[in-house]
file data.txt (compact mmCIF, N, CA and C atoms)
# COMPACT_ATOMS: atom_id res chain seq x y z
N MET L 1 59.22 173.92 159.25
CA MET L 1 60.64 173.80 159.42
C MET L 1 60.92 173.73 160.91
N THR L 2 62.04 173.13 161.24
CA THR L 2 62.43 172.95 162.63
C THR L 2 63.63 173.81 162.95
N VAL L 3 63.57 174.49 164.10
CA VAL L 3 64.72 175.21 164.64
C VAL L 3 65.13 174.45 165.89
N ARG L 4 66.31 173.86 165.86
CA ARG L 4 66.81 173.02 166.94
C ARG L 4 67.87 173.79 167.73
N TYR L 5 67.78 173.72 169.05
CA TYR L 5 68.69 174.45 169.93
C TYR L 5 69.63 173.47 170.62
N TRP L 6 70.89 173.90 170.80
CA TRP L 6 71.90 173.08 171.46
C TRP L 6 72.49 173.84 172.64
N ALA L 7 72.84 173.10 173.69
CA ALA L 7 73.57 173.59 174.86
C ALA L 7 72.90 174.84 175.45
N ALA L 8 73.63 175.95 175.56
CA ALA L 8 73.10 177.16 176.20
C ALA L 8 71.90 177.72 175.45
N ALA L 9 71.83 177.50 174.15
CA ALA L 9 70.67 177.95 173.38
C ALA L 9 69.42 177.18 173.81
N ARG L 10 69.58 175.89 174.06
CA ARG L 10 68.46 175.08 174.54
C ARG L 10 68.02 175.53 175.92
N ALA L 11 68.98 175.81 176.78
CA ALA L 11 68.65 176.29 178.14
C ALA L 11 67.92 177.62 178.07
N ALA L 12 68.36 178.51 177.20
CA ALA L 12 67.73 179.83 177.09
C ALA L 12 66.34 179.72 176.46
N ALA L 13 66.18 178.82 175.48
CA ALA L 13 64.89 178.65 174.81
C ALA L 13 63.88 177.95 175.71
N GLY L 14 64.37 177.07 176.56
CA GLY L 14 63.48 176.30 177.42
C GLY L 14 62.84 175.12 176.71
N VAL L 15 63.22 174.89 175.47
CA VAL L 15 62.72 173.76 174.69
C VAL L 15 63.86 173.23 173.82
N GLU L 16 63.70 172.02 173.33
CA GLU L 16 64.70 171.42 172.45
C GLU L 16 64.62 172.01 171.04
N ALA L 17 63.39 172.34 170.60
CA ALA L 17 63.20 172.81 169.23
C ALA L 17 61.90 173.60 169.13
N ASP L 18 61.81 174.41 168.09
CA ASP L 18 60.59 175.12 167.71
C ASP L 18 60.25 174.74 166.28
N GLU L 19 58.97 174.69 165.97
CA GLU L 19 58.50 174.51 164.61
C GLU L 19 58.05 175.87 164.09
N VAL L 20 58.49 176.22 162.89
CA VAL L 20 58.14 177.50 162.28
C VAL L 20 57.42 177.22 160.97
N GLU L 21 56.28 177.87 160.79
CA GLU L 21 55.48 177.69 159.58
C GLU L 21 56.18 178.27 158.35
N VAL L 22 56.02 177.58 157.25
CA VAL L 22 56.47 178.06 155.95
C VAL L 22 55.25 178.05 155.05
N PRO L 23 54.97 179.15 154.36
CA PRO L 23 53.79 179.17 153.49
C PRO L 23 53.84 178.03 152.46
N ASP L 24 52.69 177.47 152.11
CA ASP L 24 52.64 176.39 151.11
C ASP L 24 53.37 176.81 149.85
N GLY L 25 54.34 176.01 149.46
CA GLY L 25 55.11 176.28 148.25
C GLY L 25 56.02 177.49 148.36
N GLY L 26 56.13 178.04 149.56
CA GLY L 26 56.92 179.25 149.74
C GLY L 26 58.23 179.01 150.46
N SER L 27 58.81 180.08 150.88
CA SER L 27 60.07 180.02 151.60
C SER L 27 60.14 181.18 152.58
N ARG L 28 61.13 181.13 153.45
CA ARG L 28 61.42 182.19 154.40
C ARG L 28 62.92 182.36 154.44
N THR L 29 63.36 183.52 154.87
CA THR L 29 64.80 183.69 155.04
C THR L 29 65.19 183.29 156.46
N LEU L 30 66.46 183.01 156.63
CA LEU L 30 66.97 182.70 157.97
C LEU L 30 66.71 183.87 158.91
N ALA L 31 66.88 185.10 158.43
CA ALA L 31 66.61 186.27 159.26
C ALA L 31 65.16 186.27 159.75
N ASP L 32 64.21 185.94 158.87
CA ASP L 32 62.79 185.87 159.26
C ASP L 32 62.57 184.82 160.34
N VAL L 33 63.19 183.67 160.16
CA VAL L 33 62.98 182.56 161.10
C VAL L 33 63.56 182.91 162.47
N LEU L 34 64.75 183.49 162.49
CA LEU L 34 65.35 183.86 163.78
C LEU L 34 64.52 184.94 164.46
N ALA L 35 64.01 185.89 163.69
CA ALA L 35 63.14 186.92 164.27
C ALA L 35 61.87 186.29 164.85
N GLU L 36 61.33 185.29 164.16
CA GLU L 36 60.12 184.61 164.64
C GLU L 36 60.36 183.91 165.98
N VAL L 37 61.45 183.17 166.11
CA VAL L 37 61.68 182.46 167.38
C VAL L 37 61.97 183.45 168.51
N GLU L 38 62.57 184.59 168.19
CA GLU L 38 62.77 185.62 169.21
C GLU L 38 61.44 186.26 169.60
N ARG L 39 60.53 186.48 168.65
CA ARG L 39 59.21 187.05 168.94
C ARG L 39 58.42 186.16 169.89
N ARG L 40 58.67 184.87 169.84
CA ARG L 40 57.96 183.93 170.71
C ARG L 40 58.39 184.05 172.17
N ARG L 41 59.46 184.78 172.41
CA ARG L 41 59.98 184.96 173.77
C ARG L 41 60.15 186.46 174.04
N PRO L 42 59.02 187.19 174.05
CA PRO L 42 59.11 188.65 174.19
C PRO L 42 59.82 189.07 175.47
N GLY L 43 60.73 190.00 175.31
CA GLY L 43 61.44 190.54 176.47
C GLY L 43 62.52 189.63 177.03
N ASP L 44 62.75 188.47 176.40
CA ASP L 44 63.75 187.53 176.91
C ASP L 44 65.11 187.88 176.29
N ARG L 45 65.79 188.81 176.91
CA ARG L 45 67.08 189.30 176.41
C ARG L 45 68.13 188.18 176.40
N ARG L 46 68.06 187.27 177.38
CA ARG L 46 69.03 186.17 177.44
C ARG L 46 68.95 185.32 176.18
N PHE L 47 67.73 184.96 175.78
CA PHE L 47 67.56 184.15 174.59
C PHE L 47 68.10 184.87 173.36
N ALA L 48 67.73 186.14 173.20
CA ALA L 48 68.18 186.93 172.05
C ALA L 48 69.70 187.04 172.02
N ASP L 49 70.31 187.25 173.19
CA ASP L 49 71.77 187.36 173.25
C ASP L 49 72.45 186.05 172.85
N VAL L 50 71.91 184.93 173.31
CA VAL L 50 72.50 183.63 172.95
C VAL L 50 72.36 183.38 171.46
N VAL L 51 71.17 183.65 170.90
CA VAL L 51 70.95 183.44 169.47
C VAL L 51 71.94 184.28 168.66
N ASP L 52 72.20 185.50 169.11
CA ASP L 52 73.11 186.40 168.38
C ASP L 52 74.54 185.85 168.26
N ILE L 53 74.97 185.01 169.19
CA ILE L 53 76.35 184.51 169.15
C ILE L 53 76.45 183.07 168.64
N CYS L 54 75.32 182.49 168.27
CA CYS L 54 75.32 181.09 167.82
C CYS L 54 75.86 180.95 166.40
N SER L 55 76.54 179.83 166.18
CA SER L 55 76.81 179.37 164.83
C SER L 55 75.51 178.75 164.33
N VAL L 56 75.26 178.88 163.04
CA VAL L 56 74.01 178.37 162.47
C VAL L 56 74.33 177.35 161.39
N LEU L 57 73.64 176.23 161.47
CA LEU L 57 73.70 175.20 160.43
C LEU L 57 72.32 175.09 159.80
N VAL L 58 72.28 174.90 158.51
CA VAL L 58 71.03 174.61 157.81
C VAL L 58 71.25 173.30 157.08
N GLY L 59 70.51 172.28 157.51
CA GLY L 59 70.70 170.97 156.89
C GLY L 59 72.13 170.48 157.03
N GLU L 60 72.74 170.72 158.16
CA GLU L 60 74.11 170.30 158.49
C GLU L 60 75.19 171.06 157.74
N VAL L 61 74.81 172.14 157.04
CA VAL L 61 75.77 172.98 156.32
C VAL L 61 75.91 174.31 157.06
N PRO L 62 77.14 174.69 157.46
CA PRO L 62 77.31 175.96 158.18
C PRO L 62 76.92 177.15 157.31
N VAL L 63 76.21 178.09 157.92
CA VAL L 63 75.83 179.33 157.23
C VAL L 63 77.05 180.25 157.13
N GLY L 64 77.90 180.21 158.13
CA GLY L 64 79.11 181.04 158.10
C GLY L 64 78.77 182.52 158.12
N ALA L 65 79.47 183.29 157.32
CA ALA L 65 79.31 184.75 157.30
C ALA L 65 78.24 185.22 156.32
N ARG L 66 77.53 184.29 155.67
CA ARG L 66 76.49 184.72 154.73
C ARG L 66 75.44 185.54 155.46
N PRO L 67 74.98 186.64 154.86
CA PRO L 67 73.91 187.43 155.49
C PRO L 67 72.66 186.59 155.67
N HIS L 68 72.08 186.65 156.86
CA HIS L 68 70.92 185.82 157.17
C HIS L 68 69.71 186.15 156.31
N ASP L 69 69.64 187.38 155.80
CA ASP L 69 68.50 187.72 154.95
C ASP L 69 68.68 187.21 153.51
N GLU L 70 69.81 186.57 153.22
CA GLU L 70 70.05 185.98 151.91
C GLU L 70 70.00 184.45 151.93
N VAL L 71 69.86 183.88 153.13
CA VAL L 71 69.79 182.42 153.26
C VAL L 71 68.31 182.03 153.19
N VAL L 72 67.91 181.39 152.10
CA VAL L 72 66.51 181.04 151.87
C VAL L 72 66.24 179.62 152.37
N LEU L 73 65.16 179.48 153.12
CA LEU L 73 64.78 178.20 153.73
C LEU L 73 63.41 177.79 153.23
N GLY L 74 63.18 176.50 153.21
CA GLY L 74 61.88 175.98 152.80
C GLY L 74 61.35 174.99 153.81
N ALA L 75 60.14 174.53 153.57
CA ALA L 75 59.52 173.54 154.43
C ALA L 75 60.42 172.32 154.52
N GLY L 76 60.54 171.76 155.69
CA GLY L 76 61.35 170.57 155.89
C GLY L 76 62.80 170.85 156.25
N ASP L 77 63.25 172.11 156.10
CA ASP L 77 64.62 172.43 156.48
C ASP L 77 64.76 172.36 158.00
N VAL L 78 65.98 172.07 158.43
CA VAL L 78 66.30 172.07 159.86
C VAL L 78 67.40 173.09 160.08
N VAL L 79 67.11 174.05 160.96
CA VAL L 79 68.07 175.07 161.36
C VAL L 79 68.58 174.69 162.75
N GLU L 80 69.88 174.66 162.92
CA GLU L 80 70.44 174.31 164.22
C GLU L 80 71.26 175.48 164.74
N LEU L 81 71.01 175.85 166.00
CA LEU L 81 71.71 176.95 166.65
C LEU L 81 72.67 176.38 167.68
N LEU L 82 73.96 176.61 167.43
CA LEU L 82 75.02 176.08 168.30
C LEU L 82 75.80 177.23 168.92
N PRO L 83 75.65 177.43 170.23
CA PRO L 83 76.43 178.48 170.87
C PRO L 83 77.88 178.07 170.99
N PRO L 84 78.77 179.04 171.19
CA PRO L 84 80.17 178.69 171.40
C PRO L 84 80.30 177.84 172.66
N PHE L 85 81.25 176.94 172.66
CA PHE L 85 81.46 176.12 173.85
C PHE L 85 82.94 175.85 174.01
N ALA L 86 83.32 175.55 175.25
CA ALA L 86 84.72 175.24 175.55
C ALA L 86 84.85 173.74 175.68
N GLY L 87 86.01 173.27 175.50
CA GLY L 87 86.23 171.84 175.66
C GLY L 87 87.48 171.42 174.90
N GLY L 88 87.70 170.16 174.94
CA GLY L 88 88.89 169.72 174.23
C GLY L 88 89.03 168.24 174.22

call {"tool": "encode", "arguments": {"input": "data.txt", "output": "structure tokens"}}
result
Amino acid sequence: MTVRYWAAARAAAGVEADEVEVPDGGSRTLADVLAEVERRRPGDRRFADVVDICSVLVGEVPVGARPHDEVVLGAGDVVELLPPFAGG
């Protein structure tokens, strides 16, 4: 599965995207995936802080207020992290 970062999340991650393994025929929760990408940047409080305030899309569908440990993901899913931004 792909975790794609936008704007400040991309700057904090230092990459455009991360690939996260999904067990064959299995799934992971969004909470697991976010914990995994944070583990890849140990001690990087800036990255963790940005991820905490991001809106999350899975396959272009907003996760909204759903608990991240209840959002089930599978191989091939794309998770997008969009930090708040100003503009008009």

call {"tool": "residues_around", "arguments": {"input": "data.txt", "residues": "Val50 of chain L", "least_positions_apart": "3", "cutoff": "6.5 Å", "atoms": "only N, CA and C atoms", "output": "PyMOL selection string"}}
result
chain L and resi 8-9+45-47+53-54+83

call {"tool": "residues_around", "arguments": {"input": "data.txt", "residues": "Asp52 of chain L", "least_positions_apart": "3", "cutoff": "12 Å", "atoms": "only C-alpha atoms", "output": "ChimeraX atom specification"}}
result
/L:9,31,34-35,38,45-49,55-56,68,81-84

call {"tool": "select_by_dssp", "arguments": {"input": "data.txt", "residues": "chain L", "states": "alpha helix (DSSP H)", "output": "short mmCIF file (atom, residue, chain, number, x, y, z; two decimals) with N, CA and C atoms, keeping the file's coordinate frame"}}
result
data_model
loop_
_atom_site.label_atom_id
_atom_site.label_comp_id
_atom_site.auth_asym_id
_atom_site.auth_seq_id
_atom_site.Cartn_x
_atom_site.Cartn_y
_atom_site.Cartn_z
N ALA L 8 73.63 175.95 175.56
CA ALA L 8 73.10 177.16 176.20
C ALA L 8 71.90 177.72 175.45
N ALA L 9 71.83 177.50 174.15
CA ALA L 9 70.67 177.95 173.38
C ALA L 9 69.42 177.18 173.81
N ARG L 10 69.58 175.89 174.06
CA ARG L 10 68.46 175.08 174.54
C ARG L 10 68.02 175.53 175.92
N ALA L 11 68.98 175.81 176.78
CA ALA L 11 68.65 176.29 178.14
C ALA L 11 67.92 177.62 178.07
N ALA L 12 68.36 178.51 177.20
CA ALA L 12 67.73 179.83 177.09
C ALA L 12 66.34 179.72 176.46
N ALA L 13 66.18 178.82 175.48
CA ALA L 13 64.89 178.65 174.81
C ALA L 13 63.88 177.95 175.71
N LEU L 30 66.46 183.01 156.63
CA LEU L 30 66.97 182.70 157.97
C LEU L 30 66.71 183.87 158.91
N ALA L 31 66.88 185.10 158.43
CA ALA L 31 66.61 186.27 159.26
C ALA L 31 65.16 186.27 159.75
N ASP L 32 64.21 185.94 158.87
CA ASP L 32 62.79 185.87 159.26
C ASP L 32 62.57 184.82 160.34
N VAL L 33 63.19 183.67 160.16
CA VAL L 33 62.98 182.56 161.10
C VAL L 33 63.56 182.91 162.47
N LEU L 34 64.75 183.49 162.49
CA LEU L 34 65.35 183.86 163.78
C LEU L 34 64.52 184.94 164.46
N ALA L 35 64.01 185.89 163.69
CA ALA L 35 63.14 186.92 164.27
C ALA L 35 61.87 186.29 164.85
N GLU L 36 61.33 185.29 164.16
CA GLU L 36 60.12 184.61 164.64
C GLU L 36 60.36 183.91 165.98
N VAL L 37 61.45 183.17 166.11
CA VAL L 37 61.68 182.46 167.38
C VAL L 37 61.97 183.45 168.51
N GLU L 38 62.57 184.59 168.19
CA GLU L 38 62.77 185.62 169.21
C GLU L 38 61.44 186.26 169.60
N ARG L 39 60.53 186.48 168.65
CA ARG L 39 59.21 187.05 168.94
C ARG L 39 58.42 186.16 169.89
N ARG L 45 65.79 188.81 176.91
CA ARG L 45 67.08 189.30 176.41
C ARG L 45 68.13 188.18 176.40
N ARG L 46 68.06 187.27 177.38
CA ARG L 46 69.03 186.17 177.44
C ARG L 46 68.95 185.32 176.18
N PHE L 47 67.73 184.96 175.78
CA PHE L 47 67.56 184.15 174.59
C PHE L 47 68.10 184.87 173.36
N ALA L 48 67.73 186.14 173.20
CA ALA L 48 68.18 186.93 172.05
C ALA L 48 69.70 187.04 172.02
N ASP L 49 70.31 187.25 173.19
CA ASP L 49 71.77 187.36 173.25
C ASP L 49 72.45 186.05 172.85
N VAL L 50 71.91 184.93 173.31
CA VAL L 50 72.50 183.63 172.95
C VAL L 50 72.36 183.38 171.46
N VAL L 51 71.17 183.65 170.90
CA VAL L 51 70.95 183.44 169.47
C VAL L 51 71.94 184.28 168.66
N ASP L 52 72.20 185.50 169.11
CA ASP L 52 73.11 186.40 168.38
C ASP L 52 74.54 185.85 168.26
N ILE L 53 74.97 185.01 169.19
CA ILE L 53 76.35 184.51 169.15
C ILE L 53 76.45 183.07 168.64
#

call {"tool": "residues_around", "arguments": {"input": "data.txt", "residues": "Thr29 of chain L", "least_positions_apart": "5", "cutoff": "6 Å", "atoms": "only C-alpha atoms", "output": "short mmCIF file (atom, residue, chain, number, x, y, z; two decimals) with N, CA and C atoms, keeping the file's coordinate frame"}}
result
data_model
loop_
_atom_site.label_atom_id
_atom_site.label_comp_id
_atom_site.auth_asym_id
_atom_site.auth_seq_id
_atom_site.Cartn_x
_atom_site.Cartn_y
_atom_site.Cartn_z
N ASP L 69 69.64 187.38 155.80
CA ASP L 69 68.50 187.72 154.95
C ASP L 69 68.68 187.21 153.51
N VAL L 71 69.86 183.88 153.13
CA VAL L 71 69.79 182.42 153.26
C VAL L 71 68.31 182.03 153.19
N VAL L 72 67.91 181.39 152.10
CA VAL L 72 66.51 181.04 151.87
C VAL L 72 66.24 179.62 152.37
N LEU L 73 65.16 179.48 153.12
CA LEU L 73 64.78 178.20 153.73
C LEU L 73 63.41 177.79 153.23
#

call {"tool": "select_by_dssp", "arguments": {"input": "data.txt", "residues": "chain L", "states": "strand (DSSP E or B)", "output": "ChimeraX atom specification"}}
result
/L:2-5,17-19,27-29,55-58,61-62,72-74,78-82

call {"tool": "closest_residue", "arguments": {"input": "data.txt", "among": "L:Ala17, L:Val33, L:Val63, L:Val58", "to": "Asp77 of chain L", "atoms": "only N, CA and C atoms"}}
result
L:Val58

call {"tool": "residues_around", "arguments": {"input": "data.txt", "residues": "segment 20-27 of chain L", "least_positions_apart": "2", "cutoff": "6 Å", "atoms": "only N, CA and C atoms", "output": "PyMOL selection string"}}
result
chain L and resi 1-3+18+29+73-75

call {"tool": "atom_distance", "arguments": {"input": "data.txt", "atom1": "atom CA of Glu19 of chain L", "atom2": "atom C of Phe85 of chain L"}}
result
26.2 Å

call {"tool": "residues_around", "arguments": {"input": "data.txt", "residues": "Glu60 of chain L", "least_positions_apart": "4", "cutoff": "8 Å", "atoms": "all atoms listed in the file", "output": "list of chain:residue names"}}
result
L:Val56, L:Val78, L:Val79, L:Glu80

call {"tool": "atom_distance", "arguments": {"input": "data.txt", "atom1": "atom N of Leu57 of chain L", "atom2": "atom N of Arg28 of chain L"}}
result
15.6 Å
